[in-house]
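Everything below concerns the one structure shown next.
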Amino acid sequence: MARPAATNAILIDNPFKLLYWLFFRGLALRRYARSIHEDLDEELKVWEVRREVGDDPRFRALCRARRLLLAGTPLASVLLFGAIFTGWTGFNWRAALLVSLGYTAGTLAGDALRWWFPQRAAYWLGWFWAIFAILSFGVPVLAAFLPILEPFSLSALIATFSPSVDIYLVAVGVAVGVTVGVAGGVAGGVAFGVAVGVAFGVAFGVAVGVAVGVAFGVAFGVAGGVARGVAFGVAFGVSIVLGVIRFYFWLPEFIW
């Protein structure tokens, strides 16, 4: 049930304030979200309640801050961590920026799908990944026995548009971004936004995590999967670290 806003209600109206509340005042953010609508929590899955509270100024401000945070996090994290890693282990700016741009576009597209088609978006996402899996893994395996299928693999289809690796990086970013935009809350979107671009920038210059990279490469059946596997490994590790850090920031609120 929607709750009326007080005339002096707090507005979380910019992404920096939302980021602060998300990581340092998680329980307060939960209470704030539920003061808008009882079904809204700190994950801010705003599409679930937009019909009931769409006219609430707190809700509108929160939606703007949320979208700006999701859109700005990938590029900001690449600029920040790229500057650090450039002088330490090396950093592939081109790969990181391309993946981040693709991720941002995918996240915003997925979020828009959730906003306008809250019931159907997850269903479409399932079909998207089913087609992706068939073209990426099923067709190449079958092409070993039926060479006529080789032009229909995902890599061959992408190569028809551009032989450059750049389009692959953008496509990876878009695929992950759409998934997070449709399936995830704001905390997951921020964590992956930090991790994805940085991971691909680091993956081409860091030896740490090669074992994880190989494991991910083998698990996903990706030919030449070391670099991409390292990227997935780093992204997964960064996401876990951010989640753990967020939990410890919440502890003082539990104590009080």
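Numbering starts fresh at 1 for the residues of each chain in the structure tokens, the chains themselves are lettered A, B, ... in the order given, and ligands are numbered from 1 as they appear.
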Test item: residues at most 10 Å from Ala171 in chain A, only C-alpha atoms, excluding those fewer than 5 positions along its chain, as a list of chain:residue names =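 What passes the distance filter is A:Leu98, A:Val99, A:Leu101, A:Gly102, A:Tyr103, A:Gly106, A:Ile158, A:Val165, A:Asp166, A:Val176, A:Gly177.
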Neighbour list for Val182 in chain A as an MDAnalysis selection string, cut-off 12 Å, only C-alpha atoms, skip fewer than 5 positions in-chain | chainID A and resid 45:47 106:126 128 175:177 188:189
Residues of range 145-196 of chain A that approach range 129-141 of chain A to 8 Å or less, counting only C-alpha atoms: could you list each one with the shortest pair of atoms and its distance in Å to one decimal, rows by chain and increasing residue number, as CSV?
```
residue,atom,partner,partner_atom,distance
A:Phe145,CA,A:Val141,CA,7.6
A:Leu149,CA,A:Val139,CA,6.6
A:Glu150,CA,A:Pro140,CA,6.5
A:Phe152,CA,A:Val139,CA,7.0
A:Ser153,CA,A:Leu135,CA,4.9
A:Leu154,CA,A:Leu135,CA,4.9
A:Ser155,CA,A:Ser136,CA,7.2
```
Selected residues, N, CA and C atoms, written as a compact mmCIF listing (two decimals), in the first residue's frame, please.
```
# COMPACT_ATOMS: atom_id res chain seq x y z
N PHE A 145 30.34 -31.78 -36.72
CA PHE A 145 29.83 -32.93 -37.45
C PHE A 145 29.10 -32.51 -38.73
N LEU A 149 26.63 -25.91 -40.75
CA LEU A 149 26.08 -25.06 -39.68
C LEU A 149 27.06 -23.99 -39.21
N GLU A 150 28.31 -24.10 -39.62
CA GLU A 150 29.33 -23.19 -39.10
C GLU A 150 29.01 -21.72 -39.31
N PHE A 152 26.38 -20.25 -38.96
CA PHE A 152 25.28 -19.84 -38.09
C PHE A 152 25.69 -19.75 -36.62
N SER A 153 26.97 -19.96 -36.33
CA SER A 153 27.43 -19.78 -34.94
C SER A 153 27.45 -18.29 -34.62
N LEU A 154 27.41 -17.98 -33.33
CA LEU A 154 27.35 -16.58 -32.93
C LEU A 154 28.58 -15.81 -33.39
N SER A 155 29.75 -16.43 -33.27
CA SER A 155 30.98 -15.75 -33.67
C SER A 155 30.96 -15.46 -35.17
```
Do a neighbour search on range 8-20 of chain A at 10 Å with only C-alpha atoms, toss out local chain neighbours closer than 3 positions, and write the hits as a PyMOL selection string.
-> chain A and resi 4-5+23-26+29+32+57-73+186-187+190
Got time to write the residues from that selection, C-alpha atoms, as a short mmCIF file (atom, residue, chain, number, x, y, z; two decimals), in the first residue's frame?
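For reference, again.cif as written:
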```cif
data_model
loop_
_atom_site.label_atom_id
_atom_site.label_comp_id
_atom_site.auth_asym_id
_atom_site.auth_seq_id
_atom_site.Cartn_x
_atom_site.Cartn_y
_atom_site.Cartn_z
CA PRO A 4 1.52 9.64 1.47
CA ALA A 5 4.69 11.73 1.45
CA PHE A 23 26.43 0.87 1.11
CA PHE A 24 26.54 2.73 4.42
CA ARG A 25 22.88 2.98 5.46
CA GLY A 26 21.34 -0.16 4.02
CA LEU A 29 17.35 2.68 2.89
CA TYR A 32 12.88 4.63 3.54
CA PRO A 57 7.83 12.77 -5.42
CA ARG A 58 10.07 10.54 -3.28
CA PHE A 59 9.53 7.66 -5.69
CA ARG A 60 10.21 9.78 -8.77
CA ALA A 61 13.41 11.19 -7.24
CA LEU A 62 14.51 7.70 -6.23
CA CYS A 63 13.94 6.39 -9.77
CA ARG A 64 16.03 9.19 -11.27
CA ALA A 65 18.88 8.63 -8.82
CA ARG A 66 18.72 4.89 -9.42
CA ARG A 67 18.96 5.20 -13.20
CA LEU A 68 21.80 7.72 -12.99
CA LEU A 69 23.69 5.44 -10.60
CA LEU A 70 23.30 2.41 -12.84
CA ALA A 71 24.30 4.42 -15.91
CA GLY A 72 27.29 6.19 -14.37
CA THR A 73 28.87 3.44 -12.27
CA VAL A 186 20.21 -1.81 -7.72
CA ALA A 187 22.94 -3.31 -5.49
CA VAL A 190 26.16 -1.35 -9.09
#
```
Measure the distance from CA of Ala83 in chain A to CA of Val194 in chain A in Å and round it to one decimal.
->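 Interatomic distance, CA of Ala83 in chain A to CA of Val194 in chain A: 14.0 Å.
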